[in-house]
$ cat target.tsv   # TSV, C-alpha atoms
chain	number	residue	atom	x	y	z
A	879	MET	CA	-17.33	15.36	2.87
A	880	SER	CA	-17.05	18.54	0.85
A	881	SER	CA	-15.25	18.39	-2.46
A	882	ASP	CA	-12.31	20.48	-1.29
A	883	ASP	CA	-11.56	17.81	1.26
A	884	ARG	CA	-10.66	15.44	-1.51
A	885	LEU	CA	-7.11	14.67	-2.35
A	886	ASP	CA	-6.30	15.12	-5.98
A	887	SER	CA	-5.19	11.92	-7.60
A	888	ARG	CA	-1.81	10.84	-6.28
A	889	VAL	CA	-1.44	8.25	-8.99
A	890	LEU	CA	1.86	9.16	-10.64
A	891	SER	CA	1.90	6.31	-13.08
A	892	ALA	CA	-0.54	3.57	-13.86
A	893	ARG	CA	-0.53	0.97	-16.58
A	894	GLY	CA	-2.61	-2.17	-16.86
A	895	ASP	CA	-5.54	-3.49	-14.92
A	896	LEU	CA	-6.27	-0.58	-12.59
A	897	ASP	CA	-9.54	-2.00	-11.47
A	898	GLY	CA	-7.73	-5.13	-10.31
A	899	ALA	CA	-5.15	-2.92	-8.64
A	900	ALA	CA	-7.84	-1.07	-6.73
A	901	ARG	CA	-9.35	-4.38	-5.60
A	902	ALA	CA	-5.96	-5.68	-4.45
A	903	LEU	CA	-5.26	-2.38	-2.65
A	904	GLU	CA	-8.56	-2.64	-0.87
A	905	GLN	CA	-7.51	-5.94	0.63
A	906	ILE	CA	-3.95	-4.90	1.36
A	907	GLY	CA	-5.23	-2.15	3.61
A	908	ASN	CA	-7.74	-4.36	5.29
A	909	ALA	CA	-5.93	-5.02	8.53
A	910	PHE	CA	-9.14	-5.31	10.45
A	911	PRO	CA	-11.47	-8.25	10.09
A	912	ARG	CA	-14.76	-7.38	8.47
A	913	ARG	CA	-17.35	-6.28	10.91
A	914	VAL	CA	-19.34	-9.35	11.77
A	915	ASP	CA	-23.07	-9.02	11.21
A	916	ALA	CA	-25.80	-10.44	13.38
A	917	ASP	CA	-27.05	-12.45	10.39
A	918	PRO	CA	-25.92	-16.02	11.14
A	919	GLU	CA	-25.01	-16.70	7.53
A	920	LYS	CA	-22.76	-13.66	7.46
A	921	VAL	CA	-21.23	-14.59	10.79
A	922	GLU	CA	-20.35	-17.98	9.40
A	923	ARG	CA	-18.91	-16.41	6.25
A	924	GLY	CA	-16.89	-13.90	8.26
A	925	LEU	CA	-15.41	-16.65	10.39
A	926	ALA	CA	-14.75	-18.79	7.33
A	927	GLN	CA	-12.91	-15.87	5.81
A	928	LEU	CA	-10.72	-15.54	8.86
A	929	VAL	CA	-10.00	-19.25	9.11
A	930	LEU	CA	-9.38	-19.74	5.40
A	931	THR	CA	-7.06	-16.74	5.35
A	932	LEU	CA	-4.96	-18.29	8.09
A	933	ILE	CA	-4.94	-21.65	6.32
A	934	GLU	CA	-3.89	-19.94	3.09
A	935	LEU	CA	-1.10	-18.15	4.95
A	936	LEU	CA	0.21	-21.42	6.37
A	937	ARG	CA	-0.12	-23.16	3.03
A	938	GLN	CA	1.88	-20.47	1.27
A	939	LEU	CA	4.54	-20.40	3.97
A	940	MET	CA	4.97	-24.16	3.81
A	941	GLU	CA	5.03	-24.21	0.03
A	942	ARG	CA	7.66	-21.46	0.01
A	943	GLN	CA	9.83	-23.38	2.44
A	944	ALA	CA	9.51	-26.53	0.37
A	945	LEU	CA	10.37	-24.66	-2.83
A	946	ARG	CA	13.46	-23.18	-1.20
A	947	ARG	CA	14.66	-26.60	-0.13
A	948	MET	CA	13.92	-27.93	-3.58
A	949	GLU	CA	16.08	-25.14	-5.04
A	950	GLN	CA	18.84	-25.92	-2.58
A	951	GLY	CA	18.64	-29.58	-3.59
A	952	THR	CA	18.01	-30.84	-0.07
A	953	LEU	CA	14.88	-32.78	-0.96
A	954	THR	CA	14.82	-36.25	-2.46
A	955	ASP	CA	12.82	-36.84	-5.64
A	956	ASP	CA	10.35	-38.82	-3.62
A	957	GLU	CA	9.94	-35.96	-1.13
A	958	VAL	CA	9.39	-33.47	-3.96
A	959	GLU	CA	6.72	-35.71	-5.43
A	960	ARG	CA	4.94	-36.24	-2.12
A	961	LEU	CA	5.11	-32.57	-1.13
A	962	GLY	CA	3.87	-31.56	-4.57
A	963	GLU	CA	0.92	-33.95	-4.31
A	964	THR	CA	0.06	-32.59	-0.88
A	965	PHE	CA	0.22	-28.95	-1.93
A	966	MET	CA	-1.80	-29.67	-5.04
A	967	LYS	CA	-4.49	-31.34	-2.98
A	968	LEU	CA	-4.45	-28.51	-0.45
A	969	ALA	CA	-4.82	-25.97	-3.24
A	970	GLU	CA	-7.77	-27.91	-4.66
A	971	ARG	CA	-9.39	-28.16	-1.27
A	972	MET	CA	-8.91	-24.42	-0.71
A	973	GLU	CA	-10.70	-23.72	-4.00
A	974	GLU	CA	-13.58	-25.94	-2.91
A	975	LEU	CA	-13.82	-24.25	0.48
A	976	LYS	CA	-13.68	-20.81	-1.09
A	977	ASP	CA	-16.50	-21.75	-3.43
A	978	GLU	CA	-18.56	-23.16	-0.57
A	979	PHE	CA	-18.37	-19.87	1.29
A	980	GLY	CA	-18.55	-17.64	-1.75
A	981	LEU	CA	-15.10	-16.18	-1.15
A	982	ARG	CA	-12.75	-14.88	-3.80
A	983	ASP	CA	-8.96	-14.80	-3.73
A	984	GLU	CA	-8.99	-11.13	-2.75
A	985	ASP	CA	-11.18	-11.91	0.26
A	986	LEU	CA	-8.44	-14.03	1.72
A	987	ASN	CA	-5.93	-11.47	2.66
A	988	LEU	CA	-4.18	-10.19	5.65
A	989	ASN	CA	-1.93	-7.31	6.36
A	990	LEU	CA	1.07	-9.41	7.29
A	991	GLY	CA	3.11	-6.67	8.93
A	992	PRO	CA	6.20	-8.20	10.51
A	993	LEU	CA	4.97	-11.69	9.57
A	994	GLY	CA	5.55	-10.69	5.97
A	995	ASN	CA	9.25	-11.29	6.49
A	996	LEU	CA	8.47	-14.97	6.67
A	997	MET	CA	7.16	-15.01	3.11
B	635	MET	CA	-9.20	14.16	24.03
B	636	ILE	CA	-6.19	15.31	22.09
B	637	HIS	CA	-5.64	13.66	18.74
B	638	LEU	CA	-2.09	13.50	17.37
B	639	TYR	CA	-1.38	13.69	13.63
B	640	ALA	CA	2.38	13.92	13.24
B	641	ILE	CA	5.66	15.02	14.76
B	642	VAL	CA	7.32	17.71	12.66
B	643	ARG	CA	10.30	20.02	12.50
B	644	GLY	CA	10.72	23.33	10.72
B	645	LEU	CA	7.01	24.09	10.64
B	646	ALA	CA	6.48	27.38	8.81
B	647	ALA	CA	2.82	27.62	9.76
B	648	LEU	CA	-0.05	25.25	10.38
B	649	PRO	CA	-1.85	24.27	7.18
B	650	ASP	CA	-5.00	26.14	6.38
B	651	ARG	CA	-7.34	23.24	6.98
B	652	ALA	CA	-9.35	21.74	9.80
B	653	GLY	CA	-8.68	18.50	11.62
B	654	ILE	CA	-11.04	15.66	12.48
B	655	GLY	CA	-14.58	16.85	13.04
B	656	GLY	CA	-13.70	20.32	11.81
B	657	ALA	CA	-11.49	20.99	14.84
B	658	GLN	CA	-8.72	23.55	14.69
B	659	LEU	CA	-5.17	22.27	14.32
B	660	ASP	CA	-2.67	23.07	17.04
B	661	ALA	CA	1.11	22.95	17.18
B	662	LYS	CA	2.63	21.96	20.51
B	663	ALA	CA	6.37	22.23	21.02
B	664	VAL	CA	7.94	19.33	22.88
B	665	ASP	CA	11.61	20.16	23.35
B	666	ASP	CA	12.97	20.67	19.82
B	667	VAL	CA	10.15	18.92	17.97
B	668	VAL	CA	6.56	19.91	17.33
B	669	ALA	CA	3.46	17.76	17.82
B	670	VAL	CA	0.56	18.64	15.54
B	671	THR	CA	-2.75	17.96	17.25
B	672	SER	CA	-6.40	18.83	17.43
B	673	ILE	CA	-9.07	18.42	20.06
B	674	LEU	CA	-11.64	15.69	19.58
B	675	SER	CA	-15.18	16.54	20.50
B	676	ASP	CA	-17.24	14.17	22.60
B	677	GLU	CA	-19.26	13.21	19.60
B	678	PRO	CA	-18.84	9.79	18.09
B	679	GLU	CA	-15.89	9.39	15.82
B	680	PRO	CA	-16.77	10.46	12.28
B	681	ALA	CA	-16.64	7.59	9.81
B	682	ASP	CA	-14.09	9.47	7.73
B	683	GLY	CA	-11.78	10.26	10.66
B	684	ALA	CA	-8.97	8.25	9.11
B	685	VAL	CA	-9.26	10.21	5.87
B	686	ALA	CA	-9.35	13.55	7.68
B	687	HIS	CA	-6.24	12.49	9.59
B	688	GLY	CA	-4.46	11.59	6.36
B	689	LEU	CA	-5.37	14.87	4.68
B	690	VAL	CA	-3.86	16.82	7.58
B	691	VAL	CA	-0.63	14.84	7.44
B	692	GLU	CA	-0.31	15.33	3.69
B	693	ALA	CA	-0.88	19.07	4.10
B	694	LEU	CA	1.94	19.17	6.66
B	695	VAL	CA	4.47	17.89	4.10
B	696	ASP	CA	4.18	21.19	2.23
B	697	VAL	CA	4.68	23.41	5.25
B	698	ALA	CA	7.35	21.62	7.30
B	699	ASP	CA	10.96	20.58	6.71
B	700	ALA	CA	10.43	17.11	8.11
B	701	VAL	CA	7.27	15.17	8.94
B	702	VAL	CA	7.04	11.93	10.90
B	703	PRO	CA	3.44	10.74	10.48
B	704	VAL	CA	1.76	9.20	13.49
B	705	ARG	CA	-0.48	6.18	12.94
B	706	TYR	CA	-4.16	6.86	13.32
B	707	GLY	CA	-5.43	6.38	16.85
B	708	ALA	CA	-3.01	8.29	19.06
B	709	ARG	CA	-5.19	9.95	21.68
B	710	PHE	CA	-4.29	11.62	24.94
B	711	PRO	CA	-6.50	12.77	27.81
B	712	ASP	CA	-4.54	16.02	28.17
B	713	ALA	CA	-1.45	17.94	27.08
B	714	ALA	CA	0.62	16.53	29.94
B	715	ALA	CA	0.02	12.97	28.75
B	716	LEU	CA	0.91	13.94	25.18
B	717	VAL	CA	4.13	15.65	26.27
B	718	ALA	CA	5.06	12.70	28.47
B	719	THR	CA	4.62	10.18	25.64
B	720	VAL	CA	6.42	12.26	23.02
B	721	SER	CA	9.26	13.15	25.42
B	722	GLY	CA	9.80	9.47	26.05
B	723	GLN	CA	10.40	8.88	22.33
B	724	LEU	CA	12.48	11.96	21.52
B	725	PRO	CA	15.75	10.29	20.52
B	726	ALA	CA	14.01	8.01	18.02
B	727	LEU	CA	11.81	10.83	16.73
B	728	ARG	CA	14.77	13.14	16.21
B	729	GLU	CA	16.60	10.41	14.34
B	730	ARG	CA	13.59	9.80	12.10
B	731	LEU	CA	13.02	13.50	11.48
B	732	ALA	CA	16.61	13.82	10.31
B	733	SER	CA	16.26	10.73	8.12
B	734	VAL	CA	13.16	11.90	6.28
B	735	GLU	CA	13.99	15.59	5.94
B	736	GLY	CA	13.47	16.87	2.40
B	737	CYS	CA	11.98	13.56	1.27
B	738	VAL	CA	8.63	12.16	0.28
B	739	GLU	CA	7.44	8.60	-0.01
B	740	LEU	CA	6.58	6.96	-3.31
B	741	SER	CA	4.81	3.64	-3.63
B	742	VAL	CA	5.39	1.22	-6.47
B	743	ARG	CA	3.31	-1.90	-6.91
B	744	LEU	CA	3.37	-4.59	-9.54
B	745	LEU	CA	0.32	-6.77	-9.94
B	746	ALA	CA	-0.13	-9.80	-12.12
B	747	SER	CA	-3.23	-11.76	-12.89
B	748	ASP	CA	-2.85	-14.95	-10.95
B	749	ASP	CA	-5.48	-16.97	-12.72
B	750	ALA	CA	-3.37	-19.46	-14.66
B	751	PRO	CA	-4.61	-22.80	-13.41
B	752	THR	CA	-2.12	-25.54	-12.77
B	753	VAL	CA	-1.46	-27.95	-15.63
B	754	ALA	CA	0.45	-30.33	-13.42
B	755	THR	CA	-0.86	-33.85	-13.05
B	756	ASP	CA	1.61	-35.06	-10.47
B	757	GLY	CA	3.43	-33.67	-7.45
B	758	THR	CA	6.80	-33.22	-9.11
B	759	ALA	CA	5.33	-31.32	-12.06
B	760	TYR	CA	3.38	-29.13	-9.63
B	761	MET	CA	6.50	-28.24	-7.66
B	762	GLN	CA	8.41	-27.46	-10.84
B	763	GLU	CA	5.57	-25.27	-12.05
B	764	ARG	CA	5.47	-23.42	-8.74
B	765	LEU	CA	9.23	-23.02	-8.60
B	766	HIS	CA	9.24	-21.57	-12.08
B	767	ALA	CA	6.41	-19.17	-11.21
B	768	VAL	CA	8.02	-18.03	-7.96
B	769	ARG	CA	11.39	-17.45	-9.64
B	770	ALA	CA	9.82	-15.45	-12.45
B	771	THR	CA	7.92	-13.33	-9.94
B	772	GLU	CA	10.98	-12.69	-7.82
B	773	GLN	CA	13.05	-11.75	-10.84
B	774	LEU	CA	10.44	-9.26	-11.95
B	775	ALA	CA	10.19	-7.78	-8.46
B	776	ASP	CA	13.96	-7.45	-8.17
B	777	ALA	CA	14.13	-5.92	-11.65
B	778	VAL	CA	11.77	-3.11	-10.70
B	779	HIS	CA	13.04	-2.69	-7.15
B	780	GLU	CA	16.80	-2.50	-7.54
B	781	PRO	CA	17.09	0.59	-9.77
B	782	LEU	CA	14.49	2.36	-7.66
B	783	ALA	CA	16.19	1.50	-4.38
B	784	ARG	CA	19.46	2.89	-5.75
B	785	ARG	CA	17.77	6.23	-6.35
B	786	ALA	CA	16.05	6.37	-2.98
B	787	ARG	CA	17.43	7.28	0.41
B	788	ALA	CA	15.72	4.21	1.82
B	789	SER	CA	13.21	1.58	0.77
B	790	VAL	CA	10.81	-0.93	2.25
B	791	ARG	CA	9.51	-4.06	0.53
B	792	HIS	CA	6.20	-5.37	1.81
B	793	ARG	CA	5.50	-9.08	1.48
B	794	ARG	CA	1.88	-9.71	0.62
B	795	LEU	CA	-0.19	-12.85	0.95
B	796	ASP	CA	-2.07	-12.07	-2.25
B	797	ARG	CA	-0.10	-13.84	-4.98
B	798	ALA	CA	-1.30	-11.27	-7.49
B	799	VAL	CA	0.89	-8.66	-5.77
B	800	VAL	CA	4.28	-9.29	-7.36
B	801	HIS	CA	5.92	-6.27	-5.73
B	802	ASP	CA	4.88	-3.70	-3.15
B	803	GLY	CA	7.65	-1.25	-2.36
B	804	CYS	CA	7.86	2.11	-0.64
B	805	TYR	CA	10.69	4.49	-1.43
B	806	LEU	CA	12.00	7.49	0.50
B	807	VAL	CA	12.89	9.87	-2.29
B	808	GLU	CA	14.30	13.40	-2.19
B	809	ARG	CA	11.72	15.84	-3.48
B	810	GLN	CA	13.84	16.96	-6.43
B	811	ARG	CA	14.28	13.35	-7.59
B	812	THR	CA	10.61	12.34	-7.76
B	813	ASP	CA	10.24	13.14	-11.47
B	814	ALA	CA	13.23	11.03	-12.44
B	815	PHE	CA	11.89	8.27	-10.21
B	816	ARG	CA	8.51	8.39	-11.90
B	817	SER	CA	10.12	8.20	-15.33
B	818	LEU	CA	11.94	5.04	-14.30
B	819	VAL	CA	8.70	3.43	-13.21
B	820	GLU	CA	6.98	4.46	-16.44
B	821	ALA	CA	9.83	2.97	-18.45
B	822	PHE	CA	9.53	-0.29	-16.54
B	823	GLY	CA	5.81	-0.37	-17.21
B	824	THR	CA	6.42	0.11	-20.93
B	825	ASP	CA	8.98	-2.70	-20.96
B	826	HIS	CA	6.68	-5.06	-19.11
B	827	PRO	CA	3.16	-4.91	-20.53
B	828	GLU	CA	2.42	-8.30	-19.00
B	829	VAL	CA	2.19	-6.76	-15.55
B	830	THR	CA	0.12	-3.95	-14.02
B	831	VAL	CA	2.26	-1.14	-12.62
B	832	VAL	CA	0.92	1.44	-10.19
B	833	CYS	CA	3.01	4.23	-8.72
B	834	THR	CA	1.44	6.57	-6.19
B	835	GLY	CA	2.71	9.55	-4.27
B	836	PRO	CA	4.09	11.83	-3.14
B	837	TRP	CA	3.13	10.83	0.35
B	838	ALA	CA	4.32	11.81	3.79
B	839	PRO	CA	6.96	9.24	4.84
B	840	TYR	CA	4.60	6.87	6.69
B	841	ASN	CA	6.70	3.79	6.05
B	842	PHE	CA	9.85	5.51	7.25
B	843	ALA	CA	8.39	6.84	10.47
B	844	VAL	CA	10.01	3.96	12.30
B	845	ALA	CA	13.65	2.97	11.93
B	846	PRO	CA	13.97	-0.14	9.76
B	847	GLU	CA	14.94	-3.22	11.68
B	848	ARG	CA	18.48	-4.37	11.22
B	849	ALA	CA	18.57	-7.64	9.28
B	850	ALA	CA	19.42	-10.55	11.58
C	337	MET	CA	-12.51	3.70	-20.36
C	338	SER	CA	-13.86	7.25	-20.38
C	339	VAL	CA	-11.89	10.11	-18.90
C	340	THR	CA	-14.37	10.37	-16.03
C	341	GLU	CA	-14.14	6.69	-15.18
C	342	ARG	CA	-10.39	6.72	-15.36
C	343	ARG	CA	-10.16	9.76	-13.14
C	344	SER	CA	-12.47	8.43	-10.45
C	345	LEU	CA	-10.61	5.10	-10.40
C	346	GLN	CA	-7.42	7.06	-9.82
C	347	GLU	CA	-9.13	8.93	-6.99
C	348	GLU	CA	-10.26	5.64	-5.54
C	349	ILE	CA	-6.75	4.23	-5.66
C	350	THR	CA	-5.49	7.46	-4.05
C	351	LEU	CA	-8.00	7.19	-1.24
C	352	LEU	CA	-7.32	3.48	-0.65
C	353	ASP	CA	-3.60	4.14	-0.52
C	354	LEU	CA	-4.08	7.04	1.89
C	355	VAL	CA	-6.23	5.01	4.27
C	356	ASP	CA	-3.82	2.07	4.12
C	357	ARG	CA	-1.01	4.39	5.22
C	358	VAL	CA	-2.99	6.06	7.96
C	359	LEU	CA	-4.16	2.79	9.50
C	360	ASN	CA	-1.15	0.55	8.94
C	361	ALA	CA	1.90	2.80	8.83
C	362	GLY	CA	3.27	5.74	10.73
C	363	VAL	CA	4.88	5.72	14.12
C	364	VAL	CA	2.80	4.27	16.92
C	365	LEU	CA	2.55	6.81	19.70
C	366	HIS	CA	-0.22	5.96	22.01
C	367	GLY	CA	-1.64	7.16	25.24
C	368	ASP	CA	-3.05	3.65	25.51
C	369	ILE	CA	-1.09	0.61	26.50
C	370	THR	CA	1.33	-0.80	23.98
C	371	LEU	CA	2.19	-4.44	24.41
C	372	SER	CA	5.27	-5.73	22.75
C	373	VAL	CA	5.96	-9.37	22.00
C	374	ALA	CA	9.26	-10.39	20.39
C	375	GLY	CA	9.71	-6.84	19.11
C	376	VAL	CA	6.29	-6.74	17.51
C	377	ASP	CA	4.04	-4.02	18.84
C	378	LEU	CA	0.59	-5.33	19.58
C	379	VAL	CA	-1.21	-2.12	20.06
C	380	TYR	CA	-4.33	-1.73	22.08
C	381	VAL	CA	-6.46	0.56	19.99
C	382	GLY	CA	-9.45	2.19	21.56
C	383	LEU	CA	-12.70	0.59	20.46
C	384	ARG	CA	-14.05	3.86	19.09
C	385	VAL	CA	-11.04	4.23	16.87
C	386	LEU	CA	-11.36	0.65	15.68
C	387	LEU	CA	-15.00	1.08	14.78
C	388	ALA	CA	-14.22	4.32	13.03
C	389	SER	CA	-11.56	2.62	10.97
C	390	VAL	CA	-13.96	-0.17	10.05
C	391	GLY	CA	-16.49	2.49	9.17
C	392	THR	CA	-14.04	4.15	6.81
C	393	LEU	CA	-13.26	0.85	5.16
C	394	GLU	CA	-16.94	0.06	4.74
C	395	GLU	CA	-17.44	3.43	3.15
C	396	LEU	CA	-14.67	2.64	0.71
C	397	GLU	CA	-16.22	-0.76	-0.03
C	398	ALA	CA	-19.58	0.86	-0.68
C	399	ARG	CA	-17.98	3.33	-3.05
C	400	SER	CA	-16.13	0.62	-4.89
C	401	GLU	CA	-19.32	-1.33	-5.43
C	402	ARG	CA	-20.83	1.54	-7.40
$ encode --input "target.tsv" --output "C-alpha cells"
Amino acid sequence: MSSDDRLDSRVLSARGDLDGAARALEQIGNAFPRRVDADPEKVERGLAQLVLTLIELLRQLMERQALRRMEQGTLTDDEVERLGETFMKLAERMEELKDEFGLRDEDLNLNLGPLGNLM
Amino acid sequence: MIHLYAIVRGLAALPDRAGIGGAQLDAKAVDDVVAVTSILSDEPEPADGAVAHGLVVEALVDVADAVVPVRYGARFPDAAALVATVSGQLPALRERLASVEGCVELSVRLLASDDAPTVATDGTAYMQERLHAVRATEQLADAVHEPLARRARASVRHRRLDRAVVHDGCYLVERQRTDAFRSLVEAFGTDHPEVTVVCTGPWAPYNFAVAPERAA
Amino acid sequence: MSVTERRSLQEEITLLDLVDRVLNAGVVLHGDITLSVAGVDLVYVGLRVLLASVGTLEELEARSER
C-alpha cells in the first residue's frame, strides 16, 4: 500500500500502556475465528481457543449473575461460599487449560455484539 | 460486482481517491439519498480491502453533510439489485442520515491491567473480592462515560469479554464539540493514572449507522 | 519510548480501530441473504469477503509482531 493511503494517526488522546491497548484492540476487532491451519497442532490450538473462549464467556456470565444476586442479598451465606468455591476452581482450571494450550488472556476474546448486553 | 461503501446526503463531490483495487468511486442517487460505490474487478479480493473501504468512508465525512457507513461486504451483481436493496431501507436510512448529520464518532476506551491474582482462600472471600473489583470497575466506567454522554448527541457502550477493558464507548459528537470532548477525556486520564485511556477519532459514525435498540 | 515508536504505535491503534469499525459496525446492507433470529442479524457473508477480512487481520497481526 502506498504511503498516501495511510490514515494519519486518529489517536486524539492516549495515556498509559498503549502497547497493551493495541493488543486488546486487536482482539476486540477479531470477530472471525483465526484461520485454521492444516498443521494438526495448530488445528487443536485453534479449536481450544474457540472452546475456551466460550467457556470463559459462560463463566463470566454466571459469575456476574451470582455477584448481582449477592449484591441484592438474595443468596444465603452458604450459597455465596459454595458459588465462590466453584468460581475459584473454575478460574484455576481455566488458567491450567490456557497454559496447556499456550493461550493468553487476550487470545480468549470474542466480539460479543448483541450478546454483550448480557454482561 | 458493485461494492457499497456508504449512504450519504449532501455530497459536494466524490473524494479524490480510489476505491478497492484502485477502482473509481461512483455516486448513485437512490431517491433522495446517494449510494457511494465502486466496481470490483474479477481478481481476488485484495488483502487490504477492508482498509481501502475504511479510507473511502473516512474521506466521505469531509465532503458530505451526513454519512451512514455500510459494513464491509455489501456487494451487488448490478445497479438494479443495489437500488432495490437501498430502496427497501430508505425510511431507516433517512432517519439515520438525519441523526448523524454534522457529527463524527469518537471512541473512548479505558483499560486496566487485570493481572492481580486472587488472594482469597475460600469461596466467600473470593466473591467479596470479585464484587469489590466489579464495583470499582463499574464506578470508573460510569465516571468517564456520564460526562461524555451528556456532551454527545448519542452514545453506545460496548460490553467486552476481556476484563482488562473497563470501558469501551462510542460517542456521536457534533464536529464543533470534538475539542472540548477531547479535553474532558484528557482531564480524566490525568485524574486516573491507574488506568490506560485511549481516545480515537474523528470517525465516520459507524456505531450510529443503525438505530439503537429501545431498552426493554 | 522514542518518537518514532510512539508514532507507529499510534498508527497501529488507528489502523486496528479502523478495521474494527469496518468489519463490525456500520449498517448491514447486503445483496446476500440476511437471516434474522430474535432481532439479531446473522449475516451470510460471501466467502471471498470473509477470507479477505481474515487476510487483513493476519496482516495486522504480522505487523504487530514486528
$ interface_residues --input "target.tsv" --of "chain C" --to "chain A" --cutoff "6 Å" --atoms "all atoms listed in the file" --output "number ranges by chain"
C: 346-347, 349-350, 356
$ atom_distance --input "target.tsv" --atom1 "atom CA of Val685 of chain B" --atom2 "atom CA of Ala798 of chain B"
26.5 Å
$ interface_residues --input "target.tsv" --of "chain B" --to "chain C" --cutoff "8 Å" --atoms "all atoms listed in the file" --output "VMD selection string"
chain B and resid 678 to 685 687 to 688 702 to 711 715 to 716 719 to 720 834 839 to 844
$ interface_residues --input "target.tsv" --of "chain B" --to "chain A" --cutoff "6 Å" --atoms "only C-alpha atoms" --output "list in words"
Gly757, Thr758, Tyr760, Met761, Arg793, Thr830, Val831, Val832, Cys833, Thr834 and Gly835 of chain B
$ write_last_selection --input "target.tsv" --atoms "C-alpha atoms" --output "tab-separated table (two decimals), in the coordinates of the input"
chain	number	residue	atom	x	y	z
B	757	GLY	CA	3.43	-33.67	-7.45
B	758	THR	CA	6.80	-33.22	-9.11
B	760	TYR	CA	3.38	-29.13	-9.63
B	761	MET	CA	6.50	-28.24	-7.66
B	793	ARG	CA	5.50	-9.08	1.48
B	830	THR	CA	0.12	-3.95	-14.02
B	831	VAL	CA	2.26	-1.14	-12.62
B	832	VAL	CA	0.92	1.44	-10.19
B	833	CYS	CA	3.01	4.23	-8.72
B	834	THR	CA	1.44	6.57	-6.19
B	835	GLY	CA	2.71	9.55	-4.27
$ residues_near_point --input "target.tsv" --point "(14.5, 4.0, -6.7)" --cutoff "10 Å" --atoms "all atoms listed in the file" --output "ChimeraX atom specification"
/B:740,742,778-789,803-807,811-812,814-816,818-819
$ atom_distance --input "target.tsv" --atom1 "atom CA of Glu677 of chain B" --atom2 "atom CA of Leu694 of chain B"
25.5 Å
